[in-house]
file work_12.cif (mmCIF, C-alpha atoms)
data_work
loop_
_atom_site.label_atom_id
_atom_site.label_comp_id
_atom_site.auth_asym_id
_atom_site.auth_seq_id
_atom_site.Cartn_x
_atom_site.Cartn_y
_atom_site.Cartn_z
CA MET P 58 45.37 -104.61 -26.79
CA HIS P 59 47.56 -107.66 -27.33
CA ILE P 60 46.24 -111.22 -27.31
CA ALA P 61 48.91 -113.92 -27.56
CA ILE P 62 48.30 -117.56 -28.47
CA LEU P 63 51.08 -119.74 -27.08
CA THR P 64 51.99 -122.26 -29.76
CA PHE P 65 54.64 -124.95 -29.46
CA ASP P 66 56.13 -127.63 -31.68
CA GLY P 67 53.55 -130.35 -32.23
CA TYR P 68 50.74 -127.82 -31.94
CA ASN P 69 47.18 -128.62 -32.95
CA GLU P 70 46.20 -126.37 -35.85
CA LEU P 71 42.54 -126.28 -34.83
CA ASP P 72 43.38 -125.07 -31.36
CA SER P 73 45.71 -122.21 -32.27
CA LEU P 74 44.48 -121.13 -35.69
CA ILE P 75 40.71 -121.18 -35.16
CA ALA P 76 41.15 -118.94 -32.13
CA LEU P 77 43.46 -116.72 -34.20
CA GLY P 78 40.81 -116.41 -36.90
CA VAL P 79 37.93 -115.62 -34.54
CA LEU P 80 39.95 -113.11 -32.52
CA ASN P 81 41.03 -111.33 -35.69
CA ARG P 82 37.41 -110.56 -36.55
CA ILE P 83 37.91 -107.58 -34.25
CA ARG P 84 39.08 -104.59 -36.31
CA THR P 85 39.52 -102.07 -33.49
CA ASP P 86 42.65 -99.92 -33.64
CA GLY P 87 45.34 -101.32 -31.39
CA TRP P 88 43.87 -104.82 -31.34
CA ARG P 89 46.69 -107.27 -32.05
CA VAL P 90 46.58 -111.07 -32.06
CA THR P 91 49.84 -113.01 -32.30
CA ILE P 92 51.14 -116.54 -32.35
CA ALA P 93 53.71 -116.61 -29.54
CA THR P 94 56.36 -119.30 -29.87
CA PRO P 95 59.57 -120.32 -28.09
CA SER P 96 61.50 -120.40 -31.38
CA PRO P 97 61.45 -118.60 -34.76
CA LYS P 98 59.34 -121.40 -36.30
CA VAL P 99 57.19 -124.22 -34.95
CA THR P 100 55.79 -127.27 -36.72
CA SER P 101 52.31 -128.63 -36.09
CA MET P 102 51.34 -132.22 -35.40
CA ASN P 103 50.48 -132.44 -39.10
CA GLY P 104 53.57 -130.72 -40.44
CA VAL P 105 52.29 -127.15 -40.82
CA VAL P 106 55.13 -124.70 -40.17
CA ILE P 107 54.35 -121.21 -38.91
CA GLU P 108 56.64 -118.35 -37.99
CA GLN P 109 56.90 -116.58 -34.68
CA MET P 110 54.81 -113.41 -34.35
CA SER P 111 55.74 -112.73 -30.74
CA THR P 112 57.95 -114.27 -28.07
CA LEU P 113 56.90 -116.03 -24.88
CA GLU P 114 58.27 -113.06 -22.95
CA GLU P 115 56.01 -110.72 -24.91
CA ALA P 116 53.08 -113.04 -24.25
CA CYS P 117 53.64 -112.72 -20.51
CA ALA P 118 53.06 -108.98 -20.88
CA ALA P 119 49.97 -109.36 -23.11
CA ASP P 120 46.45 -108.36 -22.10
CA ALA P 121 45.22 -111.90 -22.76
CA VAL P 122 46.89 -115.24 -23.39
CA ILE P 123 45.63 -118.53 -24.79
CA VAL P 124 47.83 -121.54 -24.08
CA GLY P 125 47.42 -123.70 -27.15
CA SER P 126 47.37 -127.47 -27.28
CA GLY P 127 49.44 -130.10 -29.05
CA ILE P 128 51.00 -133.53 -28.94
CA ALA P 129 54.13 -132.35 -27.10
CA THR P 130 52.60 -130.53 -24.13
CA ARG P 131 54.10 -132.94 -21.62
CA GLU P 132 57.51 -132.09 -23.06
CA VAL P 133 56.68 -128.39 -22.74
CA VAL P 134 55.92 -128.64 -19.03
CA GLU P 135 59.15 -130.55 -18.51
CA ASN P 136 61.20 -127.84 -20.21
CA PRO P 137 62.67 -125.64 -17.44
CA ALA P 138 63.52 -122.76 -19.77
CA ILE P 139 60.00 -122.50 -21.16
CA MET P 140 58.30 -122.90 -17.80
CA ARG P 141 60.60 -120.31 -16.23
CA VAL P 142 59.36 -117.74 -18.74
CA LEU P 143 55.72 -118.79 -18.40
CA ARG P 144 55.83 -118.17 -14.66
CA GLY P 145 55.45 -114.56 -15.70
CA LEU P 146 51.80 -115.22 -16.57
CA ASP P 147 49.63 -113.46 -14.02
CA PRO P 148 45.82 -113.66 -13.89
CA SER P 149 45.71 -110.62 -11.62
CA ARG P 150 46.61 -108.41 -14.61
CA GLN P 151 45.73 -110.47 -17.70
CA LEU P 152 43.17 -112.93 -19.00
CA ILE P 153 44.62 -116.43 -19.20
CA ALA P 154 42.95 -119.23 -21.13
CA ALA P 155 44.00 -122.76 -22.01
CA GLN P 156 42.84 -124.98 -24.85
CA CYS P 157 42.81 -128.76 -24.34
CA SER P 158 46.28 -129.85 -23.18
CA GLY P 159 47.11 -126.22 -22.43
CA ALA P 160 45.30 -126.91 -19.15
CA LEU P 161 48.25 -129.07 -18.16
CA VAL P 162 50.53 -126.05 -18.53
CA LEU P 163 48.28 -123.97 -16.28
CA ALA P 164 48.13 -126.81 -13.76
CA LYS P 165 51.91 -127.08 -13.62
CA LEU P 166 52.17 -123.31 -13.20
CA GLY P 167 49.81 -123.46 -10.21
CA LEU P 168 47.18 -121.35 -11.96
CA LEU P 169 44.46 -123.97 -11.46
CA ASP P 170 44.91 -124.46 -7.73
CA GLY P 171 41.39 -125.01 -6.40
CA VAL P 172 39.93 -124.31 -9.86
CA PRO P 173 38.34 -127.09 -11.96
CA ALA P 174 39.24 -127.24 -15.63
CA CYS P 175 38.14 -128.46 -19.02
CA THR P 176 40.49 -130.36 -21.30
CA ASP P 177 40.47 -133.01 -24.01
CA LEU P 178 39.97 -136.69 -23.26
CA THR P 179 43.60 -137.61 -23.96
CA THR P 180 44.98 -134.98 -21.59
CA ARG P 181 42.40 -135.56 -18.86
CA PRO P 182 44.39 -138.16 -16.85
CA TRP P 183 47.51 -135.97 -16.86
CA VAL P 184 45.59 -132.96 -15.58
CA VAL P 185 43.90 -135.09 -12.92
CA ALA P 186 47.32 -136.44 -11.91
CA ALA P 187 48.43 -132.82 -11.49
CA GLY P 188 45.74 -132.43 -8.84
CA VAL P 189 43.09 -130.61 -10.87
CA GLU P 190 39.42 -131.60 -11.11
CA VAL P 191 38.42 -132.06 -14.76
CA LEU P 192 34.88 -131.20 -15.78
CA ASN P 193 32.84 -133.03 -18.42
CA GLN P 194 31.96 -129.87 -20.33
CA PRO P 195 33.49 -127.74 -23.09
CA PHE P 196 34.17 -124.49 -21.22
CA TYR P 197 34.73 -123.19 -17.71
CA ALA P 198 36.06 -119.93 -16.35
CA LYS P 199 36.67 -118.45 -12.94
CA ASP P 200 37.64 -114.82 -12.65
CA ASN P 201 40.42 -114.27 -15.23
CA VAL P 202 41.24 -117.93 -15.95
CA ALA P 203 39.38 -120.04 -18.52
CA THR P 204 39.80 -123.51 -20.00
CA ALA P 205 38.18 -125.32 -22.91
CA GLY P 206 38.09 -128.97 -23.87
CA GLY P 207 37.86 -130.27 -27.42
CA CYS P 208 39.34 -128.62 -30.52
CA LEU P 209 36.06 -127.10 -31.64
CA ALA P 210 35.61 -125.44 -28.25
CA SER P 211 38.34 -122.98 -29.23
CA PRO P 212 35.79 -120.37 -30.43
CA TYR P 213 34.42 -120.32 -26.88
CA LEU P 214 37.78 -119.20 -25.54
CA ALA P 215 38.04 -116.57 -28.26
CA ALA P 216 34.50 -115.34 -27.56
CA TRP P 217 35.19 -115.20 -23.81
CA ILE P 218 38.26 -113.06 -24.41
CA ILE P 219 36.45 -110.77 -26.86
CA THR P 220 33.53 -110.37 -24.46
CA ARG P 221 35.83 -109.50 -21.58
CA LEU P 222 37.89 -107.01 -23.61
CA GLN P 223 35.47 -105.62 -26.21
CA GLY P 224 31.99 -106.51 -25.03
CA ARG P 225 29.20 -108.90 -25.91
CA ASP P 226 28.26 -107.30 -29.24
CA ALA P 227 31.78 -107.71 -30.58
CA ALA P 228 31.86 -111.36 -29.49
CA GLU P 229 28.48 -112.03 -31.09
CA SER P 230 29.59 -110.45 -34.33
CA ALA P 231 32.81 -112.51 -34.44
CA LEU P 232 31.00 -115.78 -33.79
CA HIS P 233 28.23 -114.93 -36.24
CA TYR P 234 30.81 -114.38 -38.97
CA VAL P 235 32.48 -117.79 -38.57
CA ALA P 236 29.33 -119.81 -37.87
CA PRO P 237 27.89 -122.11 -40.57
CA VAL P 238 25.39 -120.50 -42.92
CA GLY P 239 21.85 -121.33 -41.91
CA GLU P 240 22.96 -122.04 -38.34
CA LYS P 241 24.38 -118.68 -37.32
CA GLU P 242 21.79 -117.66 -34.73
CA LEU P 243 21.73 -121.18 -33.29
CA TYR P 244 25.53 -121.25 -33.10
CA VAL P 245 25.73 -117.91 -31.28
CA GLU P 246 22.98 -118.97 -28.89
CA HIS P 247 24.79 -122.21 -28.13
CA ALA P 248 28.02 -120.35 -27.42
CA ARG P 249 26.13 -117.92 -25.21
CA ARG P 250 24.75 -120.74 -23.08
CA ASN P 251 28.23 -122.17 -22.57
CA ILE P 252 30.00 -118.91 -21.80
CA THR P 253 27.51 -116.68 -20.00
CA PRO P 254 27.49 -118.48 -16.61
CA TYR P 255 31.20 -117.78 -16.27
CA LEU P 256 31.22 -114.09 -17.24
CA PRO P 257 31.34 -111.21 -14.76
CA LEU P 258 27.84 -109.81 -14.34
CA ALA P 259 28.78 -106.62 -16.19
CA SER P 260 29.53 -108.48 -19.42
CA GLN P 261 27.02 -111.33 -19.32
CA THR P 262 25.23 -112.65 -22.42
CA LEU P 263 26.61 -112.67 -25.90
CA ALA P 264 23.29 -112.10 -27.56
#
call {"tool": "encode", "arguments": {"input": "work_12.cif", "output": "structure tokens"}}
result
Amino acid sequence: MHIAILTFDGYNELDSLIALGVLNRIRTDGWRVTIATPSPKVTSMNGVVIEQMSTLEEACAADAVIVGSGIATREVVENPAIMRVLRGLDPSRQLIAAQCSGALVLAKLGLLDGVPACTDLTTRPWVVAAGVEVLNQPFYAKDNVATAGGCLASPYLAAWIITRLQGRDAAESALHYVAPVGEKELYVEHARRNITPYLPLASQTLA
């Protein structure tokens, strides 16, 4: 099971790396989480350099994909070479999620046609201009497409993916591990309230 987190130059560390950490709480054989980049190395908005773990082409074949956020997302969607590859993303065969400005990428790919989205406040006008309704909430999903708004909503995307691929107990365990001490049950319950309405009936409730 491969989960790829698309990460571009100017990426937001909170968006890509928190999701990476939560998703890697799963220790099942064959479970692989990678940072997928368009180049061998990418540099964050704060100067953190990370190396490529998988390519964009590999991400398009992954079981689940998170489109990360960053300060250069508008440049990403204007890059024909990158967008040509990302047109291989297909919600009919993979889970596709977007964090903050990643929603703009999904909008430009036509993956949010008729589907409202969550994003950060800075990106909101660009997503609206792309013809997508933006919701004032941290998480929304329809079928195999999910979006989250706000850096600290990234665990919701991770938990949604874990729930869909490994079940509610695995998602609860991952969130419980990263939650603040003394607030763990409250944190998991809060995540459950945000995610559960958008889960298929077979996998509903994290707790």
call {"tool": "resolve_selection", "arguments": {"input": "work_12.cif", "expression": "the PyMOL selection byres ((chain P and resi 164) around 10)", "output": "mmCIF file with C-alpha atoms, keeping the file's coordinate frame"}}
result
data_model
loop_
_atom_site.group_PDB
_atom_site.id
_atom_site.type_symbol
_atom_site.label_atom_id
_atom_site.label_comp_id
_atom_site.auth_asym_id
_atom_site.auth_seq_id
_atom_site.Cartn_x
_atom_site.Cartn_y
_atom_site.Cartn_z
ATOM 1 C CA VAL P 134 55.920 -128.640 -19.030
ATOM 2 C CA GLY P 159 47.110 -126.220 -22.430
ATOM 3 C CA ALA P 160 45.300 -126.910 -19.150
ATOM 4 C CA LEU P 161 48.250 -129.070 -18.160
ATOM 5 C CA VAL P 162 50.530 -126.050 -18.530
ATOM 6 C CA LEU P 163 48.280 -123.970 -16.280
ATOM 7 C CA LYS P 165 51.910 -127.080 -13.620
ATOM 8 C CA LEU P 166 52.170 -123.310 -13.200
ATOM 9 C CA GLY P 167 49.810 -123.460 -10.210
ATOM 10 C CA LEU P 168 47.180 -121.350 -11.960
ATOM 11 C CA LEU P 169 44.460 -123.970 -11.460
ATOM 12 C CA ASP P 170 44.910 -124.460 -7.730
ATOM 13 C CA VAL P 172 39.930 -124.310 -9.860
ATOM 14 C CA PRO P 173 38.340 -127.090 -11.960
ATOM 15 C CA ALA P 174 39.240 -127.240 -15.630
ATOM 16 C CA TRP P 183 47.510 -135.970 -16.860
ATOM 17 C CA VAL P 184 45.590 -132.960 -15.580
ATOM 18 C CA VAL P 185 43.900 -135.090 -12.920
ATOM 19 C CA ALA P 186 47.320 -136.440 -11.910
ATOM 20 C CA ALA P 187 48.430 -132.820 -11.490
ATOM 21 C CA GLY P 188 45.740 -132.430 -8.840
ATOM 22 C CA VAL P 189 43.090 -130.610 -10.870
#
call {"tool": "residues_around", "arguments": {"input": "work_12.cif", "residues": "Ala155 of chain P", "least_positions_apart": "6", "cutoff": "6 Å", "atoms": "only C-alpha atoms", "output": "MDAnalysis selection string"}}
result
chainID P and resid 123:124 204
call {"tool": "atom_distance", "arguments": {"input": "work_12.cif", "atom1": "atom CA of Leu232 of chain P", "atom2": "atom CA of Lys199 of chain P"}}
result
21.8 Å
call {"tool": "residues_around", "arguments": {"input": "work_12.cif", "residues": "segment 82-93 of chain P", "least_positions_apart": "4", "cutoff": "7 Å", "atoms": "only C-alpha atoms", "output": "PyMOL selection string"}}
result
chain P and resi 58-64+77-78+109-113+116+231
call {"tool": "atom_distance", "arguments": {"input": "work_12.cif", "atom1": "atom CA of Leu258 of chain P", "atom2": "atom CA of Pro237 of chain P"}}
result
29.0 Å
call {"tool": "closest_residue", "arguments": {"input": "work_12.cif", "among": "P:Val235, P:Val122, P:Leu243, P:Ile218", "to": "Leu143 of chain P", "atoms": "all atoms listed in the file"}}
result
P:Val122
call {"tool": "axis_aligned_box", "arguments": {"input": "work_12.cif", "around": "segment 168-173 of chain P", "padding_each_side": "3 Å", "output": "lines of an AutoDock Vina configuration file"}}
result
center_x = 42.8
center_y = -124.2
center_z = -9.2
size_x = 14.8
size_y = 11.7
size_z = 11.6
call {"tool": "residues_around", "arguments": {"input": "work_12.cif", "residues": "Asp200 of chain P", "least_positions_apart": "5", "cutoff": "9 Å", "atoms": "only C-alpha atoms", "output": "ChimeraX atom specification"}}
result
/P:148,152,255-257
call {"tool": "residues_around", "arguments": {"input": "work_12.cif", "residues": "Asp66 of chain P", "least_positions_apart": "3", "cutoff": "6 Å", "atoms": "all atoms listed in the file", "output": "ChimeraX atom specification"}}
result
/P:99-101
call {"tool": "residues_near_point", "arguments": {"input": "work_12.cif", "point": "(27.3, -108.8, -26.7)", "cutoff": "12 Å", "atoms": "all atoms listed in the file", "output": "JSON, numbers by chain"}}
result
{"P": [216, 217, 218, 219, 220, 221, 222, 223, 224, 225, 226, 227, 228, 229, 230, 231, 232, 233, 245, 246, 248, 249, 252, 253, 256, 259, 260, 261, 262, 263, 264]}
call {"tool": "closest_residue", "arguments": {"input": "work_12.cif", "among": "P:Glu135, P:Asp147, P:Glu114, P:Asp177", "to": "Asp72 of chain P", "atoms": "only C-alpha atoms"}}
result
P:Asp177
call {"tool": "atom_distance", "arguments": {"input": "work_12.cif", "atom1": "atom CA of Ala215 of chain P", "atom2": "atom CA of Pro137 of chain P"}}
result
28.4 Å
call {"tool": "closest_residue", "arguments": {"input": "work_12.cif", "among": "P:Ile128, P:Leu214, P:Val191, P:Ala154", "to": "Leu80 of chain P", "atoms": "all atoms listed in the file"}}
result
P:Leu214
call {"tool": "decode", "arguments": {"input": "work_12.cif", "residues": "segment 83-99 of chain P", "atoms": "all heavy atoms", "output": "compact mmCIF listing (two decimals), in the first residue's frame"}}
result
# COMPACT_ATOMS: atom_id res chain seq x y z
N ILE P 83 1.39 3.67 11.10
CA ILE P 83 0.94 2.35 10.66
C ILE P 83 2.17 1.50 10.38
O ILE P 83 3.05 1.89 9.61
CB ILE P 83 0.06 2.47 9.39
CG1 ILE P 83 -1.14 3.38 9.65
CG2 ILE P 83 -0.38 1.09 8.93
CD1 ILE P 83 -2.03 2.93 10.78
N ARG P 84 2.23 0.33 10.99
CA ARG P 84 3.41 -0.54 10.87
C ARG P 84 3.10 -1.82 10.09
O ARG P 84 3.86 -2.78 10.15
CB ARG P 84 3.94 -0.89 12.26
CG ARG P 84 4.30 0.32 13.12
CD ARG P 84 5.37 1.18 12.46
NE ARG P 84 5.81 2.26 13.35
CZ ARG P 84 6.60 3.25 12.96
NH1 ARG P 84 7.02 3.31 11.71
NH2 ARG P 84 6.96 4.19 13.80
N THR P 85 2.01 -1.82 9.36
CA THR P 85 1.62 -3.00 8.60
C THR P 85 2.62 -3.27 7.48
O THR P 85 3.11 -2.34 6.83
CB THR P 85 0.23 -2.79 7.99
OG1 THR P 85 -0.69 -2.49 9.05
CG2 THR P 85 -0.25 -4.02 7.23
N ASP P 86 2.92 -4.54 7.24
CA ASP P 86 3.81 -4.91 6.14
C ASP P 86 3.25 -4.38 4.83
O ASP P 86 2.05 -4.52 4.54
CB ASP P 86 3.97 -6.42 6.05
CG ASP P 86 4.79 -7.00 7.20
OD1 ASP P 86 5.48 -6.22 7.87
OD2 ASP P 86 4.72 -8.23 7.41
N GLY P 87 4.13 -3.79 4.02
CA GLY P 87 3.70 -3.30 2.72
C GLY P 87 3.19 -1.87 2.74
O GLY P 87 2.92 -1.31 1.68
N TRP P 88 3.04 -1.30 3.93
CA TRP P 88 2.56 0.08 4.05
C TRP P 88 3.76 1.02 3.83
O TRP P 88 4.75 0.97 4.54
CB TRP P 88 1.97 0.30 5.43
CG TRP P 88 1.40 1.66 5.70
CD1 TRP P 88 2.04 2.73 6.23
CD2 TRP P 88 0.05 2.08 5.48
NE1 TRP P 88 1.19 3.79 6.36
CE2 TRP P 88 -0.05 3.43 5.92
CE3 TRP P 88 -1.09 1.46 4.97
CZ2 TRP P 88 -1.24 4.16 5.85
CZ3 TRP P 88 -2.28 2.17 4.90
CH2 TRP P 88 -2.35 3.51 5.34
N ARG P 89 3.66 1.86 2.82
CA ARG P 89 4.78 2.74 2.47
C ARG P 89 4.28 4.16 2.26
O ARG P 89 3.33 4.37 1.50
CB ARG P 89 5.44 2.22 1.19
CG ARG P 89 6.66 3.00 0.75
CD ARG P 89 7.42 2.25 -0.34
NE ARG P 89 6.68 2.21 -1.59
CZ ARG P 89 6.98 2.93 -2.68
NH1 ARG P 89 8.01 3.77 -2.64
NH2 ARG P 89 6.28 2.81 -3.77
N VAL P 90 4.90 5.11 2.93
CA VAL P 90 4.53 6.52 2.79
C VAL P 90 5.75 7.27 2.25
O VAL P 90 6.85 7.16 2.82
CB VAL P 90 4.10 7.13 4.14
CG1 VAL P 90 3.60 8.56 3.94
CG2 VAL P 90 3.04 6.27 4.81
N THR P 91 5.56 8.01 1.17
CA THR P 91 6.69 8.71 0.56
C THR P 91 6.38 10.17 0.31
O THR P 91 5.22 10.57 0.17
CB THR P 91 7.07 8.07 -0.79
OG1 THR P 91 6.00 8.25 -1.73
CG2 THR P 91 7.38 6.59 -0.64
N ILE P 92 7.43 10.94 0.27
CA ILE P 92 7.37 12.33 -0.21
C ILE P 92 7.66 12.28 -1.71
O ILE P 92 8.75 11.89 -2.13
CB ILE P 92 8.41 13.21 0.50
CG1 ILE P 92 8.11 13.29 2.01
CG2 ILE P 92 8.43 14.60 -0.12
CD1 ILE P 92 6.85 14.02 2.37
N ALA P 93 6.68 12.65 -2.51
CA ALA P 93 6.81 12.61 -3.96
C ALA P 93 7.09 14.02 -4.47
O ALA P 93 6.33 14.95 -4.19
CB ALA P 93 5.55 12.06 -4.61
N THR P 94 8.18 14.18 -5.19
CA THR P 94 8.61 15.50 -5.63
C THR P 94 8.90 15.50 -7.13
O THR P 94 9.17 14.44 -7.72
CB THR P 94 9.88 15.93 -4.88
OG1 THR P 94 10.96 15.06 -5.24
CG2 THR P 94 9.67 15.88 -3.37
N PRO P 95 8.89 16.68 -7.74
CA PRO P 95 9.21 16.76 -9.17
C PRO P 95 10.70 16.81 -9.46
O PRO P 95 11.11 16.79 -10.62
CB PRO P 95 8.53 18.07 -9.59
CG PRO P 95 8.56 18.91 -8.36
CD PRO P 95 8.41 17.96 -7.20
N SER P 96 11.52 16.87 -8.42
CA SER P 96 12.97 16.99 -8.58
C SER P 96 13.65 16.23 -7.44
O SER P 96 13.00 15.88 -6.45
CB SER P 96 13.38 18.47 -8.56
OG SER P 96 12.94 19.09 -7.37
N PRO P 97 14.95 15.97 -7.55
CA PRO P 97 15.64 15.19 -6.51
C PRO P 97 15.57 15.80 -5.12
O PRO P 97 15.58 15.08 -4.12
CB PRO P 97 17.09 15.14 -7.02
CG PRO P 97 16.96 15.24 -8.51
CD PRO P 97 15.83 16.20 -8.72
N LYS P 98 15.49 17.14 -5.03
CA LYS P 98 15.37 17.81 -3.74
C LYS P 98 14.40 18.98 -3.87
O LYS P 98 14.29 19.58 -4.93
CB LYS P 98 16.73 18.34 -3.27
CG LYS P 98 17.76 17.27 -2.96
CD LYS P 98 19.06 17.89 -2.47
CE LYS P 98 20.09 16.82 -2.16
NZ LYS P 98 21.39 17.39 -1.67
N VAL P 99 13.69 19.26 -2.80
CA VAL P 99 12.84 20.45 -2.76
C VAL P 99 13.12 21.21 -1.47
O VAL P 99 13.49 20.61 -0.46
CB VAL P 99 11.33 20.12 -2.87
CG1 VAL P 99 10.99 19.61 -4.26
CG2 VAL P 99 10.90 19.12 -1.80
